[in-house]
$ cat run_6.cif   # mmCIF, C-alpha atoms and all ligand atoms
data_data
loop_
_atom_site.group_PDB
_atom_site.id
_atom_site.type_symbol
_atom_site.label_atom_id
_atom_site.label_comp_id
_atom_site.auth_asym_id
_atom_site.auth_seq_id
_atom_site.Cartn_x
_atom_site.Cartn_y
_atom_site.Cartn_z
ATOM 1 C CA MET X 1 -6.393 16.395 -3.150
ATOM 2 C CA GLN X 2 -3.987 16.235 -6.053
ATOM 3 C CA THR X 3 -5.678 15.524 -9.378
ATOM 4 C CA VAL X 4 -2.799 15.904 -11.833
ATOM 5 C CA LEU X 5 -1.917 12.475 -13.160
ATOM 6 C CA MET X 6 1.538 11.612 -14.357
ATOM 7 C CA CYS X 7 2.780 8.692 -16.392
ATOM 8 C CA ALA X 8 4.470 6.187 -14.072
ATOM 9 C CA GLU X 9 7.238 5.561 -16.589
ATOM 10 C CA ALA X 10 8.241 9.229 -16.672
ATOM 11 C CA TYR X 11 8.208 9.521 -12.909
ATOM 12 C CA ASN X 12 11.515 10.072 -11.177
ATOM 13 C CA PRO X 13 11.687 10.418 -7.376
ATOM 14 C CA ASP X 14 14.853 12.536 -7.793
ATOM 15 C CA ASP X 15 12.633 15.364 -9.072
ATOM 16 C CA ASP X 16 10.799 15.478 -5.771
ATOM 17 C CA GLU X 17 12.705 18.279 -4.125
ATOM 18 C CA ASP X 18 9.724 20.529 -3.424
ATOM 19 C CA ASP X 19 8.211 19.032 -0.289
ATOM 20 C CA ASP X 20 10.828 20.057 2.298
ATOM 21 C CA ALA X 21 8.636 22.952 3.356
ATOM 22 C CA GLU X 22 5.735 20.625 4.304
ATOM 23 C CA PRO X 23 4.974 20.835 8.039
ATOM 24 C CA ARG X 24 5.742 17.681 10.009
ATOM 25 C CA VAL X 25 2.571 15.691 10.765
ATOM 26 C CA VAL X 26 2.242 14.280 14.279
ATOM 27 C CA HIS X 27 -0.719 12.236 15.521
ATOM 28 C CA PRO X 28 -0.252 11.836 19.299
ATOM 29 C CA LYS X 29 -0.537 8.225 20.519
ATOM 30 C CA THR X 30 -0.783 6.416 23.818
ATOM 31 C CA ASP X 31 2.032 3.997 24.719
ATOM 32 C CA GLU X 32 -0.325 1.126 24.007
ATOM 33 C CA GLN X 33 -1.138 2.472 20.532
ATOM 34 C CA ARG X 34 2.532 3.059 19.768
ATOM 35 C CA HIS X 35 3.353 -0.554 20.704
ATOM 36 C CA ARG X 36 0.643 -1.884 18.432
ATOM 37 C CA LEU X 37 1.806 0.406 15.643
ATOM 38 C CA GLN X 38 5.440 -0.690 16.008
ATOM 39 C CA ASP X 39 4.376 -4.341 15.881
ATOM 40 C CA ALA X 40 2.327 -3.788 12.739
ATOM 41 C CA CYS X 41 5.198 -1.931 11.038
ATOM 42 C CA ARG X 42 7.966 -4.364 11.967
ATOM 43 C CA ASP X 43 7.976 -6.249 8.664
ATOM 44 C CA ILE X 44 6.846 -3.514 6.297
ATOM 45 C CA LEU X 45 9.441 -3.606 3.520
ATOM 46 C CA LEU X 46 8.920 -0.002 2.437
ATOM 47 C CA PHE X 47 10.115 1.080 5.873
ATOM 48 C CA LYS X 48 13.113 -1.248 5.930
ATOM 49 C CA THR X 49 15.551 1.059 4.177
ATOM 50 C CA LEU X 50 14.612 4.197 6.163
ATOM 51 C CA GLU X 51 17.056 5.768 8.596
ATOM 52 C CA GLN X 52 15.939 5.498 12.230
ATOM 53 C CA GLU X 53 14.953 9.175 12.364
ATOM 54 C CA GLN X 54 12.814 8.974 9.232
ATOM 55 C CA PHE X 55 11.172 5.827 10.561
ATOM 56 C CA SER X 56 10.269 7.643 13.818
ATOM 57 C CA GLU X 57 8.760 10.481 11.773
ATOM 58 C CA VAL X 58 6.687 7.938 9.866
ATOM 59 C CA LEU X 59 5.430 6.402 13.126
ATOM 60 C CA ASP X 60 4.599 9.859 14.526
ATOM 61 C CA ALA X 61 2.560 10.704 11.441
ATOM 62 C CA MET X 62 0.543 7.486 11.313
ATOM 63 C CA PHE X 63 -3.040 7.450 12.548
ATOM 64 C CA GLU X 64 -5.329 4.598 13.559
ATOM 65 C CA VAL X 65 -8.231 3.655 11.277
ATOM 66 C CA LEU X 66 -10.868 1.203 12.538
ATOM 67 C CA VAL X 67 -12.781 -0.522 9.761
ATOM 68 C CA LYS X 68 -16.105 -2.339 9.479
ATOM 69 C CA PRO X 69 -16.976 -5.454 7.459
ATOM 70 C CA GLN X 70 -17.515 -4.650 3.746
ATOM 71 C CA GLU X 71 -15.964 -1.213 4.110
ATOM 72 C CA HIS X 72 -14.125 -0.051 0.969
ATOM 73 C CA ILE X 73 -10.766 1.267 2.108
ATOM 74 C CA ILE X 74 -9.694 2.103 -1.443
ATOM 75 C CA ASP X 75 -11.659 2.253 -4.702
ATOM 76 C CA GLN X 76 -9.907 1.617 -7.990
ATOM 77 C CA GLY X 77 -9.651 4.791 -10.082
ATOM 78 C CA ASP X 78 -9.743 7.230 -7.142
ATOM 79 C CA ASP X 79 -6.931 9.634 -6.319
ATOM 80 C CA GLY X 80 -4.611 8.379 -3.581
ATOM 81 C CA ASP X 81 -4.939 9.894 -0.108
ATOM 82 C CA ASN X 82 -3.211 7.509 2.322
ATOM 83 C CA PHE X 83 -0.886 4.529 2.496
ATOM 84 C CA TYR X 84 -2.111 1.790 4.877
ATOM 85 C CA VAL X 85 -0.381 -0.726 7.144
ATOM 86 C CA ILE X 86 -2.527 -3.613 8.389
ATOM 87 C CA GLU X 87 -2.738 -4.235 12.114
ATOM 88 C CA LYS X 88 -5.537 -6.756 11.857
ATOM 89 C CA GLY X 89 -8.282 -7.954 9.574
ATOM 90 C CA VAL X 90 -8.644 -9.604 6.187
ATOM 91 C CA TYR X 91 -8.821 -7.377 3.120
ATOM 92 C CA GLU X 92 -9.756 -8.534 -0.369
ATOM 93 C CA ILE X 93 -8.116 -7.051 -3.461
ATOM 94 C CA PHE X 94 -10.304 -6.495 -6.538
ATOM 95 C CA VAL X 95 -9.061 -5.415 -9.960
ATOM 96 C CA LEU X 96 -11.336 -4.503 -12.890
ATOM 97 C CA LYS X 97 -10.830 -6.875 -15.822
ATOM 98 C CA ASP X 98 -13.050 -6.332 -18.871
ATOM 99 C CA ASP X 99 -15.478 -4.306 -16.733
ATOM 100 C CA VAL X 100 -15.763 -7.089 -14.156
ATOM 101 C CA ASN X 101 -14.355 -6.761 -10.638
ATOM 102 C CA VAL X 102 -12.118 -9.798 -10.104
ATOM 103 C CA CYS X 103 -10.764 -10.770 -6.695
ATOM 104 C CA VAL X 104 -7.019 -11.198 -7.279
ATOM 105 C CA GLY X 105 -5.918 -11.899 -3.722
ATOM 106 C CA LYS X 106 -6.215 -10.895 -0.112
ATOM 107 C CA TYR X 107 -4.170 -9.536 2.763
ATOM 108 C CA ASP X 108 -4.530 -11.733 5.832
ATOM 109 C CA ASN X 109 -3.785 -9.811 9.036
ATOM 110 C CA LYS X 110 -0.507 -8.397 7.771
ATOM 111 C CA GLY X 111 1.089 -6.337 5.041
ATOM 112 C CA SER X 112 0.421 -2.936 3.564
ATOM 113 C CA PHE X 113 -1.282 -1.404 0.538
ATOM 114 C CA GLY X 114 -2.005 1.869 -1.204
ATOM 115 C CA GLU X 115 1.585 2.800 -2.059
ATOM 116 C CA LEU X 116 1.259 2.812 -5.849
ATOM 117 C CA ALA X 117 -0.997 5.836 -6.323
ATOM 118 C CA LEU X 118 1.163 7.844 -3.923
ATOM 119 C CA MET X 119 4.480 6.757 -5.434
ATOM 120 C CA TYR X 120 3.619 7.299 -9.078
ATOM 121 C CA ASN X 121 0.774 9.864 -8.935
ATOM 122 C CA THR X 122 -1.520 7.397 -10.659
ATOM 123 C CA PRO X 123 -5.168 6.529 -9.892
ATOM 124 C CA ARG X 124 -5.739 3.707 -7.401
ATOM 125 C CA ALA X 125 -4.892 0.447 -9.224
ATOM 126 C CA ALA X 126 -7.176 -1.833 -7.180
ATOM 127 C CA THR X 127 -10.156 -1.818 -4.802
ATOM 128 C CA ILE X 128 -9.490 -2.963 -1.237
ATOM 129 C CA VAL X 129 -12.457 -4.196 0.828
ATOM 130 C CA ALA X 130 -12.445 -5.278 4.488
ATOM 131 C CA THR X 131 -14.143 -8.665 4.940
ATOM 132 C CA GLU X 132 -14.375 -8.322 8.729
ATOM 133 C CA GLU X 133 -13.775 -5.754 11.455
ATOM 134 C CA GLY X 134 -10.205 -4.604 11.304
ATOM 135 C CA ALA X 135 -7.638 -2.022 12.235
ATOM 136 C CA LEU X 136 -5.263 -0.142 9.953
ATOM 137 C CA TRP X 137 -2.639 2.547 10.366
ATOM 138 C CA GLY X 138 -2.764 5.309 7.746
ATOM 139 C CA LEU X 139 0.054 7.538 6.529
ATOM 140 C CA ASP X 140 -0.961 10.710 4.697
ATOM 141 C CA ARG X 141 0.144 11.379 1.153
ATOM 142 C CA ALA X 142 2.372 14.377 1.950
ATOM 143 C CA THR X 143 4.352 12.529 4.619
ATOM 144 C CA PHE X 144 4.592 9.445 2.401
ATOM 145 C CA HIS X 145 6.090 11.669 -0.299
ATOM 146 C CA ARG X 146 8.478 13.482 1.976
ATOM 147 C CA LEU X 147 9.855 10.336 3.617
ATOM 148 C CA ILE X 148 9.202 7.243 1.489
ATOM 149 C CA VAL X 149 9.329 8.625 -2.051
ATOM 150 C CA ARG X 150 12.425 10.681 -1.199
ATOM 151 C CA ASN X 151 14.020 7.543 0.176
ATOM 152 C CA ASN X 152 13.225 5.796 -3.111
ATOM 153 C CA ALA X 153 15.501 8.232 -4.932
ATOM 154 C CA LYS X 154 18.282 7.079 -2.634
ATOM 155 C CA LYS X 155 17.334 3.415 -3.109
ATOM 156 C CA ARG X 156 17.413 3.799 -6.879
ATOM 157 C CA ARG X 157 20.915 5.235 -6.707
ATOM 158 C CA MET X 158 22.033 2.463 -4.340
ATOM 159 C CA TYR X 159 20.586 -0.516 -6.152
ATOM 160 C CA GLU X 160 20.330 0.524 -9.814
ATOM 161 C CA ALA X 161 23.708 -0.916 -10.852
ATOM 162 C CA PHE X 162 23.213 -4.122 -8.872
ATOM 163 C CA ILE X 163 19.670 -4.759 -10.136
ATOM 164 C CA GLU X 164 20.871 -4.318 -13.751
ATOM 165 C CA CYS X 165 23.256 -7.242 -13.214
ATOM 166 C CA VAL X 166 20.684 -9.664 -11.774
ATOM 167 C CA PRO X 167 20.270 -12.265 -14.547
ATOM 168 C CA LEU X 168 16.600 -12.945 -13.696
ATOM 169 C CA LEU X 169 15.694 -9.274 -14.234
ATOM 170 C CA LYS X 170 17.584 -8.799 -17.534
ATOM 171 C CA SER X 171 14.435 -9.173 -19.639
ATOM 172 C CA LEU X 172 12.665 -6.295 -17.842
ATOM 173 C CA GLU X 173 12.581 -2.698 -19.036
ATOM 174 C CA LEU X 174 14.608 -0.208 -16.973
ATOM 175 C CA SER X 175 11.377 1.367 -15.666
ATOM 176 C CA GLU X 176 10.145 -2.072 -14.539
ATOM 177 C CA ARG X 177 13.421 -2.750 -12.734
ATOM 178 C CA MET X 178 13.177 0.624 -10.984
ATOM 179 C CA LYS X 179 9.662 -0.208 -9.780
ATOM 180 C CA ILE X 180 11.115 -3.316 -8.174
ATOM 181 C CA VAL X 181 13.741 -1.152 -6.448
ATOM 182 C CA ASP X 182 11.001 1.216 -5.219
ATOM 183 C CA VAL X 183 9.204 -1.536 -3.287
ATOM 184 C CA LEU X 184 12.064 -3.722 -2.140
ATOM 185 C CA GLY X 185 13.426 -3.907 1.368
ATOM 186 C CA ALA X 186 16.951 -4.863 2.445
ATOM 187 C CA ARG X 187 17.777 -7.269 5.265
ATOM 188 C CA ALA X 188 21.056 -8.370 6.790
ATOM 189 C CA TYR X 189 21.546 -11.851 8.278
ATOM 190 C CA LYS X 190 24.229 -13.283 10.532
ATOM 191 C CA ASP X 191 26.154 -16.475 9.788
ATOM 192 C CA GLY X 192 23.814 -19.452 10.205
ATOM 193 C CA GLU X 193 20.662 -17.340 10.611
ATOM 194 C CA ARG X 194 17.552 -18.923 9.120
ATOM 195 C CA ILE X 195 15.970 -16.780 6.402
ATOM 196 C CA ILE X 196 13.218 -19.190 5.286
ATOM 197 C CA THR X 197 11.701 -22.121 7.208
ATOM 198 C CA GLN X 198 10.540 -25.233 5.377
ATOM 199 C CA GLY X 199 6.791 -25.767 5.723
ATOM 200 C CA GLU X 200 5.925 -22.146 6.552
ATOM 201 C CA LYS X 201 3.584 -19.940 4.568
ATOM 202 C CA ALA X 202 5.433 -17.796 2.042
ATOM 203 C CA ASP X 203 5.124 -14.053 1.679
ATOM 204 C CA CYS X 204 8.502 -12.896 0.319
ATOM 205 C CA PHE X 205 10.981 -13.417 -2.488
ATOM 206 C CA TYR X 206 14.730 -12.804 -2.075
ATOM 207 C CA ILE X 207 17.748 -11.753 -4.153
ATOM 208 C CA VAL X 208 21.220 -12.185 -2.620
ATOM 209 C CA GLU X 209 23.008 -8.841 -2.545
ATOM 210 C CA SER X 210 26.151 -10.026 -0.774
ATOM 211 C CA GLY X 211 27.308 -13.184 0.978
ATOM 212 C CA GLU X 212 25.831 -16.594 0.355
ATOM 213 C CA VAL X 213 22.863 -18.738 1.390
ATOM 214 C CA LYS X 214 22.433 -22.502 1.526
ATOM 215 C CA ILE X 215 19.185 -24.239 0.748
ATOM 216 C CA MET X 216 18.444 -27.234 2.949
ATOM 217 C CA ILE X 217 15.672 -29.818 2.649
ATOM 218 C CA ARG X 218 14.390 -32.073 5.364
ATOM 219 C CA SER X 219 13.215 -34.902 3.163
ATOM 220 C CA LYS X 220 10.149 -36.943 3.918
ATOM 221 C CA THR X 221 11.091 -39.414 1.249
ATOM 222 C CA LYS X 222 14.753 -40.339 1.532
ATOM 223 C CA VAL X 223 14.921 -43.919 2.711
ATOM 224 C CA GLY X 224 17.141 -44.575 5.717
ATOM 225 C CA GLN X 225 17.930 -40.901 6.308
ATOM 226 C CA GLN X 226 18.902 -40.459 9.962
ATOM 227 C CA ASN X 227 16.556 -38.322 12.120
ATOM 228 C CA ASN X 228 15.203 -36.678 9.044
ATOM 229 C CA ALA X 229 18.330 -34.510 8.941
ATOM 230 C CA GLU X 230 18.424 -31.521 6.605
ATOM 231 C CA VAL X 231 20.341 -32.046 3.369
ATOM 232 C CA GLU X 232 21.958 -29.187 1.463
ATOM 233 C CA VAL X 233 20.540 -29.001 -2.054
ATOM 234 C CA ALA X 234 21.970 -25.740 -3.395
ATOM 235 C CA ARG X 235 23.693 -22.438 -2.659
ATOM 236 C CA CYS X 236 22.927 -18.955 -3.975
ATOM 237 C CA SER X 237 25.318 -16.026 -4.086
ATOM 238 C CA ARG X 238 25.291 -12.399 -5.284
ATOM 239 C CA GLY X 239 22.690 -11.762 -7.971
ATOM 240 C CA GLN X 240 20.902 -15.086 -7.523
ATOM 241 C CA TYR X 241 17.378 -15.432 -6.180
ATOM 242 C CA PHE X 242 15.465 -17.816 -3.931
ATOM 243 C CA GLY X 243 12.064 -18.109 -2.295
ATOM 244 C CA GLU X 244 10.122 -17.971 -5.556
ATOM 245 C CA LEU X 245 8.908 -21.593 -5.598
ATOM 246 C CA ALA X 246 6.241 -21.237 -2.907
ATOM 247 C CA LEU X 247 5.029 -17.977 -4.475
ATOM 248 C CA VAL X 248 4.697 -19.588 -7.902
ATOM 249 C CA THR X 249 3.146 -22.860 -6.662
ATOM 250 C CA ASN X 250 1.102 -21.323 -3.820
ATOM 251 C CA LYS X 251 2.407 -24.019 -1.456
ATOM 252 C CA PRO X 252 4.332 -23.846 1.831
ATOM 253 C CA ARG X 253 8.090 -23.333 1.704
ATOM 254 C CA ALA X 254 9.713 -26.467 0.231
ATOM 255 C CA ALA X 255 13.103 -25.886 1.865
ATOM 256 C CA SER X 256 14.808 -23.902 4.601
ATOM 257 C CA VAL X 257 17.394 -21.285 3.713
ATOM 258 C CA TYR X 258 20.312 -20.206 5.936
ATOM 259 C CA ALA X 259 22.892 -17.430 5.668
ATOM 260 C CA VAL X 260 26.474 -18.623 5.137
ATOM 261 C CA GLY X 261 28.570 -15.851 6.704
ATOM 262 C CA GLU X 262 27.254 -12.293 6.932
ATOM 263 C CA THR X 263 24.681 -12.024 4.163
ATOM 264 C CA LYS X 264 22.493 -9.259 2.758
ATOM 265 C CA CYS X 265 19.346 -9.903 0.770
ATOM 266 C CA LEU X 266 16.904 -7.715 -1.090
ATOM 267 C CA VAL X 267 13.351 -8.693 -0.215
ATOM 268 C CA ILE X 268 10.218 -8.289 -2.322
ATOM 269 C CA ASP X 269 6.791 -9.045 -0.897
ATOM 270 C CA ILE X 270 4.366 -11.452 -2.501
ATOM 271 C CA ARG X 271 1.990 -8.813 -3.931
ATOM 272 C CA ALA X 272 4.811 -6.858 -5.567
ATOM 273 C CA PHE X 273 6.262 -10.171 -6.767
ATOM 274 C CA GLU X 274 2.989 -11.052 -8.513
ATOM 275 C CA ARG X 275 2.573 -7.568 -9.957
ATOM 276 C CA LEU X 276 6.125 -6.880 -11.069
ATOM 277 C CA LEU X 277 7.756 -10.216 -11.810
ATOM 278 C CA GLY X 278 5.101 -11.626 -14.150
ATOM 279 C CA PRO X 279 7.431 -11.123 -17.160
ATOM 280 C CA CYS X 280 10.135 -13.207 -15.439
ATOM 281 C CA MET X 281 7.798 -16.077 -14.633
ATOM 282 C CA ASP X 282 8.918 -18.214 -17.604
ATOM 283 C CA ILE X 283 12.540 -18.071 -16.494
ATOM 284 C CA MET X 284 11.559 -18.997 -12.947
ATOM 285 C CA LYS X 285 9.379 -21.892 -14.102
ATOM 286 C CA ARG X 286 12.258 -23.254 -16.189
ATOM 287 C CA ASN X 287 14.443 -23.235 -13.079
ATOM 288 C CA ILE X 288 11.751 -24.940 -11.017
ATOM 289 C CA SER X 289 11.779 -27.937 -13.328
ATOM 290 C CA GLN X 290 15.538 -28.145 -12.689
ATOM 291 C CA TYR X 291 14.837 -28.313 -8.937
ATOM 292 C CA GLU X 292 12.699 -31.376 -9.531
ATOM 293 C CA ASP X 293 15.495 -33.134 -11.461
ATOM 294 C CA GLN X 294 17.902 -32.256 -8.663
ATOM 295 C CA LEU X 295 15.601 -33.705 -5.991
ATOM 296 C CA VAL X 296 15.069 -36.897 -7.942
ATOM 297 C CA ALA X 297 18.878 -37.247 -8.092
ATOM 298 C CA LEU X 298 19.249 -36.567 -4.356
ATOM 299 C CA PHE X 299 16.248 -38.291 -2.836
ATOM 300 C CA GLY X 300 14.954 -40.525 -5.605
ATOM 301 C CA SER X 301 11.774 -38.430 -5.801
ATOM 302 C CA SER X 302 10.711 -34.795 -6.091
ATOM 303 C CA VAL X 303 7.623 -35.349 -3.968
ATOM 304 C CA ASP X 304 8.902 -32.810 -1.408
ATOM 305 C CA LEU X 305 8.282 -29.992 -3.859
ATOM 306 C CA LYS X 306 4.728 -31.092 -4.403
ATOM 307 C CA HIS X 307 3.676 -31.652 -0.763
HETATM 308 N N1 LIG U 401 -2.666 -6.945 -8.409
HETATM 309 C C1 LIG U 401 -2.649 -5.687 -7.923
HETATM 310 N N2 LIG U 401 -2.679 -4.640 -8.788
HETATM 311 C C2 LIG U 401 -2.673 -3.390 -8.310
HETATM 312 N N3 LIG U 401 -2.627 -3.055 -7.010
HETATM 313 C C3 LIG U 401 -2.584 -4.033 -6.110
HETATM 314 C C4 LIG U 401 -2.591 -5.398 -6.527
HETATM 315 N N4 LIG U 401 -2.536 -6.165 -5.421
HETATM 316 C C5 LIG U 401 -2.487 -5.335 -4.379
HETATM 317 N N5 LIG U 401 -2.534 -4.050 -4.768
HETATM 318 C C6 LIG U 401 -2.539 -2.893 -3.836
HETATM 319 O O1 LIG U 401 -3.804 -2.254 -3.970
HETATM 320 C C7 LIG U 401 -3.559 -0.861 -3.876
HETATM 321 C C8 LIG U 401 -4.631 0.026 -4.431
HETATM 322 O O2 LIG U 401 -4.190 1.370 -4.285
HETATM 323 P P1 LIG U 401 -2.801 1.796 -4.955
HETATM 324 O O3 LIG U 401 -2.929 1.703 -6.434
HETATM 325 O O4 LIG U 401 -2.352 3.068 -4.371
HETATM 326 O O5 LIG U 401 -1.782 0.624 -4.460
HETATM 327 C C9 LIG U 401 -2.273 -0.685 -4.667
HETATM 328 C C10 LIG U 401 -1.460 -1.840 -4.123
HETATM 329 O O6 LIG U 401 -0.905 -1.476 -2.889
#
$ encode --input "run_6.cif" --output "C-alpha cells" --more "lines below"
Ligand SMILES: Nc1ncnc2c1ncn2[C@@H]1O[C@@H]2COP(=O)(O)O[C@H]2[C@H]1O
Amino acid sequence: MQTVLMCAEAYNPDDDEDDDAEPRVVHPKTDEQRHRLQDACRDILLFKTLEQEQFSEVLDAMFEVLVKPQEHIIDQGDDGDNFYVIEKGVYEIFVLKDDVNVCVGKYDNKGSFGELALMYNTPRAATIVATEEGALWGLDRATFHRLIVRNNAKKRRMYEAFIECVPLLKSLELSERMKIVDVLGARAYKDGERIITQGEKADCFYIVESGEVKIMIRSKTKVGQQNNAEVEVARCSRGQYFGELALVTNKPRAASVYAVGETKCLVIDIRAFERLLGPCMDIMKRNISQYEDQLVALFGSSVDLKH
C-alpha cells in the first residue's frame, strides 16, 4: 500500500503518466452480478465522463463486497485502498471534530465514497460504517488511478475555462474549483426533458453548461389556479446554477426544472456539494431570499418553498 502522502493542493492529475504499465484488473462476474453492478453504477457521477471503453474496464475491475452491520468500510486517517459504489445498505459518515467522532451524514442505498484518498493521495477523510447488511462494489486503487484520475486530467482541461467564468464559483481558490471539476459529472438533456421533479428528494446540484432550463412551480397556494398547472418562475442559462435550494434547506425539491432545447449541465452530488461549496453558501443563501420575494409576487405567498 502506498504510504507517501502528498498535499492535495499541489496534486495535478496531468503528472500521472506512470501507470500505463499496470496490468488490467478483471474480476469475472456472472450475468446476474453484472446487471446488479450496472444498475448500481448508472448514476455514479465520477463515471459519467468516461468513454464507453474506459467504463467497461471499470466494470470489469470492480468486485463485490458484502458487508455486515457495524462494519467499518473505511477508517479516517488510513491509507486509501479502494473506491466503493453502493448497491444496497445504509452507511453513516463520521468525521473527527475536536477529537470527537461526529456523524455528518449518511448514504442511503445509493451513491459512492472513498474517492478522495485515491484522487489526492491523502489519508481517508472520514469513517464510513454500515448500519445494516449491505452490498458494495469496490474498485482498486491502481485501476481508479489509471482510469478515473487520468480522466480527471482531461476533465480539468475541458472545464477549467468554463468553471472560472461561473459567477457563483468566483470566490473560490483555483485549487478548490479544480476539486469541483474532479468530482463533477456531465449530462445532456433533450428539449422538454425533466431534470428535477418538484417534491422529490434531492441529491444533486446543477450548473448549466450550454442551453437553457426553465424552473416551474406547481403552486399549492395560488387561488383559482386551474388544475394546479405549473407556472414558470425563472430560467437559467450558461454559467447559472439550480438545484441548490433543497440541498441547503434539506427539503424536497421546491420546483421542477425542464430543458429548453438541447441542454448540457454539470452535476455535483450532495456530498461533494456540502464539502466543496461551503464557501459559496452565503451567495446561495442571498439568492434564496430573492426566490421568496419572487414567489410572493407570483403567488401571494412563498409557502411553497417552506413545505
Ligand atoms: N464531509 C465529508 N468529509 C470527507 N469525506 C467525506 C465526507 N462525506 C463523505 N465523505 C466520503 O468519505 C470518504 C472517506 O474516504 P476518502 O477520504 O477516500 O473519501 C471520502 C468521501 O468519499
$ resolve_selection --input "run_6.cif" --expression "the PyMOL selection byres (((chain X and resi 141) around 10) and not hetatm)" --output "list in words"
Met1, Gln2, Gly80, Asp81, Asn82, Phe83, Glu115, Ala117, Leu118, Met119, Gly138, Leu139, Asp140, Ala142, Thr143, Phe144, His145, Arg146 and Ile148 of chain X
$ residues_near_ligand --input "run_6.cif" --ligand "ligand LIG 401 (chain U)" --cutoff "9 Å" --atoms "all atoms listed in the file" --output "NGL selection string"
:X and (74-84 or 92-95 or 104-107 or 112-128 or 271-272 or 274-275)
$ write_last_selection --input "run_6.cif" --atoms "C-alpha atoms" --output "PDB file, in the frame of the given file"
ATOM      1  CA  ILE X  74      -9.694   2.103  -1.443  1.00  0.00           C
ATOM      2  CA  ASP X  75     -11.659   2.253  -4.702  1.00  0.00           C
ATOM      3  CA  GLN X  76      -9.907   1.617  -7.990  1.00  0.00           C
ATOM      4  CA  GLY X  77      -9.651   4.791 -10.082  1.00  0.00           C
ATOM      5  CA  ASP X  78      -9.743   7.230  -7.142  1.00  0.00           C
ATOM      6  CA  ASP X  79      -6.931   9.634  -6.319  1.00  0.00           C
ATOM      7  CA  GLY X  80      -4.611   8.379  -3.581  1.00  0.00           C
ATOM      8  CA  ASP X  81      -4.939   9.894  -0.108  1.00  0.00           C
ATOM      9  CA  ASN X  82      -3.211   7.509   2.322  1.00  0.00           C
ATOM     10  CA  PHE X  83      -0.886   4.529   2.496  1.00  0.00           C
ATOM     11  CA  TYR X  84      -2.111   1.790   4.877  1.00  0.00           C
ATOM     12  CA  GLU X  92      -9.756  -8.534  -0.369  1.00  0.00           C
ATOM     13  CA  ILE X  93      -8.116  -7.051  -3.461  1.00  0.00           C
ATOM     14  CA  PHE X  94     -10.304  -6.495  -6.538  1.00  0.00           C
ATOM     15  CA  VAL X  95      -9.061  -5.415  -9.960  1.00  0.00           C
ATOM     16  CA  VAL X 104      -7.019 -11.198  -7.279  1.00  0.00           C
ATOM     17  CA  GLY X 105      -5.918 -11.899  -3.722  1.00  0.00           C
ATOM     18  CA  LYS X 106      -6.215 -10.895  -0.112  1.00  0.00           C
ATOM     19  CA  TYR X 107      -4.170  -9.536   2.763  1.00  0.00           C
ATOM     20  CA  SER X 112       0.421  -2.936   3.564  1.00  0.00           C
ATOM     21  CA  PHE X 113      -1.282  -1.404   0.538  1.00  0.00           C
ATOM     22  CA  GLY X 114      -2.005   1.869  -1.204  1.00  0.00           C
ATOM     23  CA  GLU X 115       1.585   2.800  -2.059  1.00  0.00           C
ATOM     24  CA  LEU X 116       1.259   2.812  -5.849  1.00  0.00           C
ATOM     25  CA  ALA X 117      -0.997   5.836  -6.323  1.00  0.00           C
ATOM     26  CA  LEU X 118       1.163   7.844  -3.923  1.00  0.00           C
ATOM     27  CA  MET X 119       4.480   6.757  -5.434  1.00  0.00           C
ATOM     28  CA  TYR X 120       3.619   7.299  -9.078  1.00  0.00           C
ATOM     29  CA  ASN X 121       0.774   9.864  -8.935  1.00  0.00           C
ATOM     30  CA  THR X 122      -1.520   7.397 -10.659  1.00  0.00           C
ATOM     31  CA  PRO X 123      -5.168   6.529  -9.892  1.00  0.00           C
ATOM     32  CA  ARG X 124      -5.739   3.707  -7.401  1.00  0.00           C
ATOM     33  CA  ALA X 125      -4.892   0.447  -9.224  1.00  0.00           C
ATOM     34  CA  ALA X 126      -7.176  -1.833  -7.180  1.00  0.00           C
ATOM     35  CA  THR X 127     -10.156  -1.818  -4.802  1.00  0.00           C
ATOM     36  CA  ILE X 128      -9.490  -2.963  -1.237  1.00  0.00           C
ATOM     37  CA  ARG X 271       1.990  -8.813  -3.931  1.00  0.00           C
ATOM     38  CA  ALA X 272       4.811  -6.858  -5.567  1.00  0.00           C
ATOM     39  CA  GLU X 274       2.989 -11.052  -8.513  1.00  0.00           C
ATOM     40  CA  ARG X 275       2.573  -7.568  -9.957  1.00  0.00           C
TER      41      ARG X 275
END
$ resolve_selection --input "run_6.cif" --expression "the PyMOL selection byres (((chain X and resi 242-246) around 9) and not hetatm)" --output "JSON, numbers by chain"
{"X": [196, 201, 202, 203, 204, 205, 206, 207, 208, 215, 236, 240, 241, 247, 248, 249, 250, 251, 252, 253, 254, 255, 257, 273, 284, 285, 288, 305]}
$ resolve_selection --input "run_6.cif" --expression "the PyMOL selection byres (((chain X and resi 185) around 12) and not hetatm)" --output "number ranges by chain"
X: 42-50, 148, 151-152, 155-156, 159, 180-184, 186-188, 204-207, 209, 264-269, 272
$ atom_distance --input "run_6.cif" --atom1 "CA of Val260 in chain X" --atom2 "CA of Gly211 in chain X"
6.9 Å
$ residues_around --input "run_6.cif" --residues "range 59-69 of chain X" --least-positions-apart "3" --cutoff "12 Å" --atoms "all atoms listed in the file" --output "PyMOL selection string"
chain X and resi 23-30+33-42+47+50+52-56+72-74+82-92+128-144+146-147
$ residues_around --input "run_6.cif" --residues "Gly261 in chain X" --least-positions-apart "5" --cutoff "7 Å" --atoms "all atoms listed in the file" --output "MDAnalysis selection string"
chainID X and resid 190:192 211:212
$ residues_around --input "run_6.cif" --residues "Val233 in chain X" --least-positions-apart "5" --cutoff "12 Å" --atoms "all atoms listed in the file" --output "PyMOL selection string"
chain X and resi 213-219+254-258+290-299
$ atom_distance --input "run_6.cif" --atom1 "CA of Gly239 in chain X" --atom2 "CA of Val166 in chain X"
4.8 Å
$ closest_residue --input "run_6.cif" --among "X:Glu51, X:Leu168, X:Ser210, X:Val102" --to "Glu262 in chain X" --atoms "all atoms listed in the file"
X:Ser210
$ closest_residue --input "run_6.cif" --among "X:Thr263, X:Gln70, X:Glu32, X:Asp282" --to "Glu193 in chain X" --atoms "only C-alpha atoms"
X:Thr263
$ atom_distance --input "run_6.cif" --atom1 "CA of Ala161 in chain X" --atom2 "CA of Arg177 in chain X"
10.6 Å
$ closest_residue --input "run_6.cif" --among "X:Lys97, X:Val149, X:Arg238, X:Gly111" --to "Cys165 in chain X" --atoms "all atoms listed in the file"
X:Arg238
$ axis_aligned_box --input "run_6.cif" --around "range 55-68 of chain X" --padding-each-side "3 Å" --output "JSON"
{"center_x": -2.5, "center_y": 4.2, "center_z": 12.0, "size_x": 33.3, "size_y": 19.0, "size_z": 11.0}
